[in-house]
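Source file: target.txt. Holds: compact mmCIF, C-alpha atoms.
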# COMPACT_ATOMS: atom_id res chain seq x y z
CA MET A 1014 -9.24 -70.84 19.24
CA ARG A 1015 -9.16 -74.64 19.28
CA CYS A 1016 -6.85 -77.17 17.64
CA LEU A 1017 -8.09 -78.92 14.51
CA PHE A 1018 -7.01 -82.32 15.87
CA CYS A 1019 -7.04 -82.49 19.68
CA LYS A 1020 -9.79 -79.82 19.94
CA GLN A 1021 -8.04 -78.21 22.93
CA ASP A 1022 -7.37 -74.50 23.36
CA SER A 1023 -4.61 -73.43 20.96
CA SER A 1024 -4.67 -69.66 21.40
CA GLY A 1025 -1.15 -69.70 22.85
CA SER A 1026 0.40 -71.75 20.05
CA LYS A 1027 3.35 -70.24 18.21
CA SER A 1028 3.92 -72.57 15.25
CA VAL A 1029 2.38 -72.44 11.80
CA GLU A 1030 1.45 -75.79 10.23
CA HIS A 1031 2.61 -76.88 6.78
CA VAL A 1032 -0.11 -78.95 5.10
CA VAL A 1033 2.56 -80.58 2.94
CA PRO A 1034 5.93 -80.79 4.75
CA GLU A 1035 8.36 -77.98 4.14
CA SER A 1036 10.92 -80.67 3.25
CA LEU A 1037 8.85 -81.42 0.12
CA TRP A 1038 9.26 -77.86 -1.17
CA ASN A 1039 6.02 -76.55 0.30
CA THR A 1040 6.15 -72.79 0.79
CA GLN A 1041 2.51 -71.99 0.03
CA HIS A 1042 0.09 -74.40 1.71
CA ILE A 1043 0.48 -73.21 5.30
CA LEU A 1044 -2.04 -72.89 8.12
CA PRO A 1045 -1.63 -69.96 10.52
CA ARG A 1046 -0.59 -70.57 14.10
CA GLY A 1047 -3.28 -71.91 16.36
CA VAL A 1048 -5.18 -73.89 13.72
CA VAL A 1049 -3.01 -76.83 14.81
CA CYS A 1050 -1.64 -76.54 18.35
CA ASP A 1051 2.09 -76.77 19.07
CA SER A 1052 1.68 -80.19 20.69
CA CYS A 1053 -0.05 -81.71 17.66
CA ASN A 1054 2.33 -79.89 15.32
CA ASN A 1055 5.33 -81.45 17.08
CA TYR A 1056 3.68 -84.86 17.17
CA PHE A 1057 3.01 -84.86 13.44
CA ALA A 1058 6.56 -83.74 12.67
CA ARG A 1059 8.05 -86.62 14.71
CA LYS A 1060 5.56 -89.47 14.36
CA VAL A 1061 3.81 -88.94 11.03
CA GLU A 1062 5.94 -86.83 8.66
CA LYS A 1063 9.42 -87.99 9.71
CA PRO A 1064 8.78 -91.73 9.11
CA PHE A 1065 7.44 -90.84 5.66
CA LEU A 1066 10.26 -88.44 4.75
CA ASP A 1067 13.00 -90.69 6.15
CA SER A 1068 11.82 -93.79 4.29
CA GLN A 1069 14.27 -95.13 1.74
CA ALA A 1070 12.08 -94.34 -1.29
CA ILE A 1071 11.27 -90.76 -0.29
CA SER A 1072 14.86 -90.05 0.73
CA ARG A 1073 16.01 -91.34 -2.66
CA LEU A 1074 13.39 -89.20 -4.39
CA ARG A 1075 14.55 -86.11 -2.49
CA PHE A 1076 18.14 -86.91 -3.47
CA THR A 1077 17.42 -87.34 -7.17
CA GLN A 1078 15.18 -84.26 -7.29
CA VAL A 1079 17.55 -82.27 -5.02
CA ILE A 1080 14.92 -81.34 -2.43
CA PRO A 1081 16.47 -79.90 0.74
CA ASN A 1082 14.94 -80.03 4.19
CA LYS A 1083 14.18 -76.84 6.09
CA ARG A 1084 17.84 -76.72 7.16
CA GLY A 1085 18.89 -76.76 3.52
CA ARG A 1086 20.27 -80.31 3.50
CA VAL A 1087 19.56 -82.82 0.73
CA PRO A 1088 19.47 -86.46 1.91
CA PRO A 1089 22.56 -88.42 0.78
CA SER A 1090 22.31 -91.61 -1.24
CA GLU A 1091 24.27 -94.83 -1.33
CA ALA A 1092 25.76 -95.65 -4.73
CA ILE A 1093 28.31 -97.91 -6.45
CA LEU A 1094 31.40 -96.66 -8.26
CA LEU A 1095 32.34 -99.24 -10.88
CA PRO A 1096 33.87 -101.76 -10.78
CA GLY A 1097 32.31 -102.14 -7.30
CA PHE A 1098 33.32 -99.53 -4.75
CA PRO A 1099 30.53 -98.51 -2.34
CA VAL A 1100 30.19 -94.74 -2.00
CA VAL A 1101 27.86 -92.23 -0.36
CA ALA A 1102 26.80 -89.43 -2.73
CA TYR A 1103 25.94 -85.92 -1.55
CA ARG A 1104 24.23 -83.03 -3.36
CA GLU A 1105 23.65 -79.40 -2.49
CA ALA A 1106 20.56 -77.45 -3.52
CA SER A 1107 22.78 -74.49 -4.46
CA THR A 1108 24.78 -76.65 -6.92
CA PRO A 1109 22.31 -79.35 -8.05
CA TYR A 1110 24.46 -80.69 -10.89
CA THR A 1111 27.48 -81.41 -8.68
CA LEU A 1112 28.05 -84.62 -6.71
CA SER A 1113 30.36 -85.07 -3.73
CA LEU A 1114 31.44 -88.62 -2.90
CA GLN A 1115 32.50 -90.23 0.37
CA THR A 1116 34.34 -93.48 -0.20
CA SER A 1117 37.38 -95.61 0.64
CA PRO A 1118 41.04 -94.83 -0.07
CA GLU A 1119 41.07 -97.68 -2.60
CA ALA A 1120 38.21 -96.04 -4.53
CA LEU A 1121 39.97 -92.67 -4.48
CA LYS A 1122 43.09 -94.31 -5.89
CA HIS A 1123 40.96 -95.88 -8.63
CA ILE A 1124 39.48 -92.47 -9.48
CA ALA A 1125 42.92 -90.87 -9.62
CA ASN A 1126 44.22 -93.54 -12.00
CA ASN A 1127 41.33 -93.35 -14.45
CA LYS A 1128 40.17 -90.51 -16.68
CA LYS A 1129 36.55 -91.67 -16.57
CA GLY A 1130 34.33 -93.39 -14.04
CA THR A 1131 30.80 -94.74 -13.80
CA LEU A 1132 28.57 -94.18 -10.79
CA LEU A 1133 25.47 -96.34 -10.34
CA LEU A 1134 22.57 -95.07 -8.26
CA PRO A 1135 20.03 -97.72 -7.18
CA ILE A 1136 16.67 -97.39 -8.90
CA ASN A 1137 14.59 -99.39 -6.47
CA ALA A 1138 14.12 -98.31 -2.89
CA LYS A 1139 11.89 -99.60 -0.12
CA PRO A 1140 8.71 -97.49 0.09
CA PRO A 1141 7.35 -96.23 3.40
CA ALA A 1142 5.05 -98.61 5.26
CA SER A 1143 1.44 -98.52 4.07
CA ARG A 1144 0.22 -97.35 7.48
CA THR A 1145 2.81 -94.56 7.49
CA VAL A 1146 1.56 -93.32 4.11
CA SER A 1147 -2.08 -93.50 5.21
CA ARG A 1148 -1.49 -91.47 8.38
CA PHE A 1149 0.47 -88.94 6.34
CA LEU A 1150 -2.48 -88.65 3.94
CA ALA A 1151 -5.02 -88.43 6.77
CA LYS A 1152 -3.20 -85.52 8.36
CA MET A 1153 -2.96 -83.65 5.04
CA ALA A 1154 -6.59 -84.40 4.10
CA ILE A 1155 -7.95 -82.64 7.19
CA GLU A 1156 -5.48 -79.76 7.04
CA ALA A 1157 -6.15 -79.12 3.36
CA MET A 1158 -9.85 -78.76 4.22
CA ALA A 1159 -8.95 -76.20 6.86
CA LEU A 1160 -6.84 -74.33 4.32
CA ARG A 1161 -9.86 -73.98 2.04
CA LEU A 1162 -12.14 -72.83 4.86
CA LEU A 1163 -9.81 -70.29 6.45
CA GLU A 1164 -11.71 -67.32 5.05
CA GLN A 1165 -15.15 -68.75 5.83
CA PRO A 1166 -16.86 -67.60 9.04
CA ASP A 1167 -16.81 -70.52 11.51
CA GLY A 1168 -15.21 -72.73 8.83
CA ILE A 1169 -12.51 -74.11 11.13
CA SER A 1170 -14.98 -74.57 13.98
CA TYR A 1171 -17.19 -76.60 11.65
CA LEU A 1172 -14.30 -78.96 10.86
CA ILE A 1173 -13.40 -79.31 14.55
CA ASP A 1174 -16.97 -80.17 15.55
CA GLU A 1175 -17.82 -82.37 12.56
CA PRO A 1176 -18.18 -85.92 14.00
CA GLN A 1177 -17.80 -87.56 10.59
CA LEU A 1178 -14.16 -86.41 10.54
CA ASP A 1179 -13.35 -87.83 13.97
CA PRO A 1180 -12.34 -91.33 12.75
CA LEU A 1181 -9.85 -89.88 10.25
CA ARG A 1182 -8.73 -87.28 12.81
CA ASN A 1183 -8.06 -90.02 15.39
CA PHE A 1184 -6.19 -92.12 12.85
CA ALA A 1185 -3.89 -89.21 11.98
CA ARG A 1186 -3.31 -88.07 15.57
CA ARG A 1187 -3.55 -91.29 17.59
CA GLY A 1188 -3.09 -94.09 15.09
CA GLN A 1189 -6.53 -95.59 15.69
CA PRO A 1190 -7.94 -97.64 14.05
CA GLN A 1191 -4.86 -99.74 13.37
CA GLU A 1192 -5.37 -99.84 9.60
CA TRP A 1193 -6.75 -97.35 7.08
CA PRO A 1194 -5.91 -98.33 3.49
CA HIS A 1195 -5.00 -95.95 0.69
CA HIS A 1196 -4.73 -96.33 -3.08
CA ALA A 1197 -1.41 -95.71 -4.86
CA ARG A 1198 -0.45 -95.58 -8.53
CA ARG A 1199 1.78 -93.56 -10.85
CA ILE A 1200 -0.01 -91.09 -13.13
CA TYR A 1201 3.05 -89.46 -14.72
CA ASP A 1202 6.81 -89.78 -14.68
CA ALA A 1203 8.67 -88.16 -11.79
CA ASP A 1204 10.85 -86.21 -14.24
CA ARG A 1205 7.96 -84.92 -16.36
CA GLU A 1206 8.49 -81.33 -17.47
CA LEU A 1207 5.80 -78.88 -18.58
CA LEU A 1208 6.02 -75.42 -20.11
CA ASP A 1209 4.58 -72.30 -18.51
CA LEU A 1210 3.10 -69.40 -20.50
CA ASP A 1211 6.55 -67.89 -20.96
CA GLY A 1212 7.95 -71.10 -22.40
CA HIS A 1213 9.97 -72.02 -19.32
CA SER A 1214 9.98 -75.66 -18.21
CA TYR A 1215 8.93 -76.76 -14.74
CA GLN A 1216 8.15 -79.91 -12.78
CA THR A 1217 5.09 -80.60 -10.66
CA VAL A 1218 6.39 -81.39 -7.18
CA HIS A 1219 3.04 -81.99 -5.47
CA GLU A 1220 -0.63 -81.29 -6.04
CA PHE A 1221 -3.87 -82.24 -4.29
CA ASP A 1222 -7.65 -82.01 -4.51
CA TYR A 1223 -10.82 -83.75 -3.36
CA LEU A 1224 -13.09 -86.14 -5.20
CA VAL A 1225 -16.76 -86.62 -4.33
CA THR A 1226 -18.20 -89.72 -6.02
CA GLU A 1227 -21.81 -90.25 -7.06
CA LYS A 1228 -22.24 -92.26 -3.86
CA GLN A 1229 -21.17 -89.16 -1.88
CA GLU A 1230 -17.86 -90.67 -0.80
CA TRP A 1231 -15.14 -88.08 -0.23
CA TYR A 1232 -11.56 -88.86 -1.22
CA PHE A 1233 -8.40 -86.81 -0.73
CA ILE A 1234 -6.13 -87.13 -3.77
CA PHE A 1235 -2.45 -86.21 -3.43
CA ALA A 1236 0.32 -86.57 -6.02
CA LEU A 1237 4.04 -86.35 -5.28
CA PHE A 1238 6.18 -86.19 -8.42
CA GLY A 1239 3.50 -88.15 -10.26
CA LEU A 1240 2.84 -90.77 -7.57
CA GLU A 1241 -0.89 -90.46 -6.89
CA LEU A 1242 -2.12 -91.38 -3.39
CA ALA A 1243 -5.80 -91.45 -2.43
CA ILE A 1244 -7.52 -91.91 0.92
CA ASN A 1245 -11.20 -92.16 1.84
CA ILE A 1246 -12.08 -89.37 4.26
CA GLY A 1247 -15.17 -91.12 5.56
CA GLY A 1248 -13.91 -94.62 6.33
CA PRO A 1249 -11.13 -97.20 5.95
CA GLU A 1250 -11.80 -98.53 2.45
CA VAL A 1251 -10.91 -97.53 -1.12
CA ASP A 1252 -13.30 -99.73 -3.14
CA GLY A 1253 -15.33 -96.67 -4.10
CA TYR A 1254 -12.26 -94.96 -5.55
CA MET A 1255 -11.29 -98.02 -7.57
CA GLU A 1256 -14.85 -98.18 -8.91
CA TRP A 1257 -14.71 -94.49 -9.83
CA LEU A 1258 -11.44 -95.04 -11.70
CA ARG A 1259 -12.95 -97.92 -13.71
CA GLU A 1260 -15.96 -95.80 -14.60
CA ASN A 1261 -13.75 -92.88 -15.67
CA LYS A 1262 -11.21 -94.75 -17.80
CA GLU A 1263 -8.54 -94.60 -15.06
CA ARG A 1264 -8.22 -90.82 -15.38
CA SER A 1265 -6.93 -89.07 -12.30
CA PRO A 1266 -9.33 -86.68 -10.54
CA LEU A 1267 -6.40 -84.25 -10.59
CA TYR A 1268 -6.67 -84.13 -14.39
CA SER A 1269 -10.34 -84.74 -15.14
CA GLY A 1270 -13.69 -83.06 -14.51
CA LYS A 1271 -13.12 -79.53 -13.21
CA ASN A 1272 -9.35 -80.18 -13.40
CA ALA A 1273 -9.32 -81.32 -17.04
CA PRO A 1274 -6.55 -79.65 -19.08
Rendering of file as structure tokens:
Amino acid sequence: MRCLFCKQDSSGSKSVEHVVPESLWNTQHILPRGVVCDSCNNYFARKVEKPFLDSQAISRLRFTQVIPNKRGRVPPSEAILLPGFPVVAYREASTPYTLSLQTSPEALKHIANNKKGTLLLPINAKPPASRTVSRFLAKMAIEAMALRLLEQPDGISYLIDEPQLDPLRNFARRGQPQEWPHHARRIYDADRELLDLDGHSYQTVHEFDYLVTEKQEWYFIFALFGLELAINIGGPEVDGYMEWLRENKERSPLYSGKNAP
């Protein structure tokens, strides 16, 4: 058995690999141990996933949507208690509608002397760096392919030996080339709720698929709470995806063609 990224022997590896990080509520899209070696697994966790997950915008998203990490902790968020006390707000996944506040003695005195209070949570937050997002997408794009080919004889070996994937593989694992652009846009509101067949409401946390254009360009399309991110699997450009969107009335590949509602 060889690793999907470094192509070295991975038969002794002990860790499974989450295609989408566990800290984004992924409990289904998981590659068995050995598909990605322990060394690459640890590298991605530290150098690719952590910078994405720890960015201000994603941390804020995980706070507002109450998404815990694998240790069960939801990232805290800075906030303002009117008329102007800075506070740090905490939430627990087990009690998502309860807030705990860490603040100054003056703010606590203000709370005690007033029957009501107003807490302001910042709306805007700095997104992760473009290169961070692109490497995050590159890693998922290759692993999601492996997930689909797990049951195919020699499917993983094909991906390992496919030279056309080496540029994207090297970008994910080694950060080369320096830049690999992606396309980002919002396709639905983060708080959108849908109904299942039993009439229960649910939110779409994440979803992904591939698009093959008429020019035979392959794109990996990933959406996180309605934020659609797309990366070209074959090379560092997204002009073909933008052209496809114009030709298809800006519809997302996640909700058109074979994925049309």
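Of the listed residues (A:Val1048, A:Ala1203, A:Cys1019, A:Ala1138), A:Val1048 comes nearest to Leu1160 in chain A; the distances count all atoms listed in the file.
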Mind checking which residues fall within 12 Å of Asn1055 in chain A, counting all atoms listed in the file, ignoring those fewer than 2 positions away in the same chain, and posting them as a JSON list (two decimals) with C-alpha atoms, keeping the file's coordinate frame?
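Saved as out-v9.json:
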[["chain", "number", "residue", "atom", "x", "y", "z"],
["A", 1026, "SER", "CA", 0.40, -71.75, 20.05],
["A", 1027, "LYS", "CA", 3.35, -70.24, 18.21],
["A", 1028, "SER", "CA", 3.92, -72.57, 15.25],
["A", 1029, "VAL", "CA", 2.38, -72.44, 11.80],
["A", 1030, "GLU", "CA", 1.45, -75.79, 10.23],
["A", 1031, "HIS", "CA", 2.61, -76.88, 6.78],
["A", 1049, "VAL", "CA", -3.01, -76.83, 14.81],
["A", 1050, "CYS", "CA", -1.64, -76.54, 18.35],
["A", 1051, "ASP", "CA", 2.09, -76.77, 19.07],
["A", 1052, "SER", "CA", 1.68, -80.19, 20.69],
["A", 1053, "CYS", "CA", -0.05, -81.71, 17.66],
["A", 1057, "PHE", "CA", 3.01, -84.86, 13.44],
["A", 1058, "ALA", "CA", 6.56, -83.74, 12.67],
["A", 1059, "ARG", "CA", 8.05, -86.62, 14.71],
["A", 1060, "LYS", "CA", 5.56, -89.47, 14.36],
["A", 1061, "VAL", "CA", 3.81, -88.94, 11.03],
["A", 1062, "GLU", "CA", 5.94, -86.83, 8.66],
["A", 1063, "LYS", "CA", 9.42, -87.99, 9.71],
["A", 1186, "ARG", "CA", -3.31, -88.07, 15.57]]
Residue nearest Ile1200 in chain A - candidates A:Ile1124, A:Ala1142, A:Leu1133, A:Ala1236, atoms counted: only C-alpha atoms: A:Ala1236
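Using all atoms listed in the file for every distance, the candidate list A:Ser1068, A:Val1101, A:Met1153, A:Arg1148 yields A:Met1153 as the residue closest to Ile1043 in chain A.
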Using all atoms listed in the file: which of A:Tyr1110, A:Trp1257, A:Tyr1103, A:Tyr1171 has the shortest distance to Lys1020 in chain A: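 Selected residue with least distance to Lys1020 in chain A: A:Tyr1171.
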Centre, edges in Å (one decimal): axis-aligned box, range 1107-1119 of chain A, 8 Å padding on all six sides, as lines of an AutoDock Vina configuration file:
center_x = 31.7
center_y = -86.1
center_z = -5.1
size_x = 34.8
size_y = 39.2
size_z = 27.5
Interatomic distance (Å, one decimal) between CA of Glu1119 in chain A and CA of Ile1136 in chain A: 25.2 Å
Ser1147 in chain A surroundings by only C-alpha atoms, 12 Å radius, close-in-sequence under 2 positions cut, as an mmCIF file with C-alpha atoms, in the coordinates of the input:
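The resulting around37.cif:
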data_model
loop_
_atom_site.group_PDB
_atom_site.id
_atom_site.type_symbol
_atom_site.label_atom_id
_atom_site.label_comp_id
_atom_site.auth_asym_id
_atom_site.auth_seq_id
_atom_site.Cartn_x
_atom_site.Cartn_y
_atom_site.Cartn_z
ATOM 1 C CA VAL A 1061 3.810 -88.940 11.030
ATOM 2 C CA GLU A 1062 5.940 -86.830 8.660
ATOM 3 C CA PRO A 1064 8.780 -91.730 9.110
ATOM 4 C CA PHE A 1065 7.440 -90.840 5.660
ATOM 5 C CA PRO A 1141 7.350 -96.230 3.400
ATOM 6 C CA ALA A 1142 5.050 -98.610 5.260
ATOM 7 C CA SER A 1143 1.440 -98.520 4.070
ATOM 8 C CA ARG A 1144 0.220 -97.350 7.480
ATOM 9 C CA THR A 1145 2.810 -94.560 7.490
ATOM 10 C CA PHE A 1149 0.470 -88.940 6.340
ATOM 11 C CA LEU A 1150 -2.480 -88.650 3.940
ATOM 12 C CA ALA A 1151 -5.020 -88.430 6.770
ATOM 13 C CA LYS A 1152 -3.200 -85.520 8.360
ATOM 14 C CA MET A 1153 -2.960 -83.650 5.040
ATOM 15 C CA ALA A 1154 -6.590 -84.400 4.100
ATOM 16 C CA LEU A 1181 -9.850 -89.880 10.250
ATOM 17 C CA ARG A 1182 -8.730 -87.280 12.810
ATOM 18 C CA PHE A 1184 -6.190 -92.120 12.850
ATOM 19 C CA ALA A 1185 -3.890 -89.210 11.980
ATOM 20 C CA ARG A 1186 -3.310 -88.070 15.570
ATOM 21 C CA GLY A 1188 -3.090 -94.090 15.090
ATOM 22 C CA GLN A 1189 -6.530 -95.590 15.690
ATOM 23 C CA PRO A 1190 -7.940 -97.640 14.050
ATOM 24 C CA GLN A 1191 -4.860 -99.740 13.370
ATOM 25 C CA GLU A 1192 -5.370 -99.840 9.600
ATOM 26 C CA TRP A 1193 -6.750 -97.350 7.080
ATOM 27 C CA PRO A 1194 -5.910 -98.330 3.490
ATOM 28 C CA HIS A 1195 -5.000 -95.950 0.690
ATOM 29 C CA HIS A 1196 -4.730 -96.330 -3.080
ATOM 30 C CA ALA A 1197 -1.410 -95.710 -4.860
ATOM 31 C CA PHE A 1233 -8.400 -86.810 -0.730
ATOM 32 C CA ILE A 1234 -6.130 -87.130 -3.770
ATOM 33 C CA PHE A 1235 -2.450 -86.210 -3.430
ATOM 34 C CA LEU A 1242 -2.120 -91.380 -3.390
ATOM 35 C CA ALA A 1243 -5.800 -91.450 -2.430
ATOM 36 C CA ILE A 1244 -7.520 -91.910 0.920
ATOM 37 C CA ASN A 1245 -11.200 -92.160 1.840
ATOM 38 C CA ILE A 1246 -12.080 -89.370 4.260
ATOM 39 C CA GLY A 1248 -13.910 -94.620 6.330
ATOM 40 C CA PRO A 1249 -11.130 -97.200 5.950
ATOM 41 C CA GLU A 1250 -11.800 -98.530 2.450
ATOM 42 C CA VAL A 1251 -10.910 -97.530 -1.120
#
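Of the listed residues (A:Trp1231, A:Glu1035, A:Leu1095, A:Gly1047), A:Gly1047 comes nearest to Leu1163 in chain A; the distances count only C-alpha atoms.
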Counting all atoms listed in the file, the residue of A:Val1079, A:Leu1066, A:Arg1086, A:Glu1206 that sits nearest Thr1111 in chain A: A:Val1079
Between CA of Arg1161 in chain A and CA of Pro1176 in chain A, distance in Å (one decimal): 18.8 Å
Point (-11.9, -73.4, 7.5) neighbourhood (10 Å, only C-alpha atoms) written as a VMD selection string: chain A and resid 1017 1044 1048 1156 to 1173
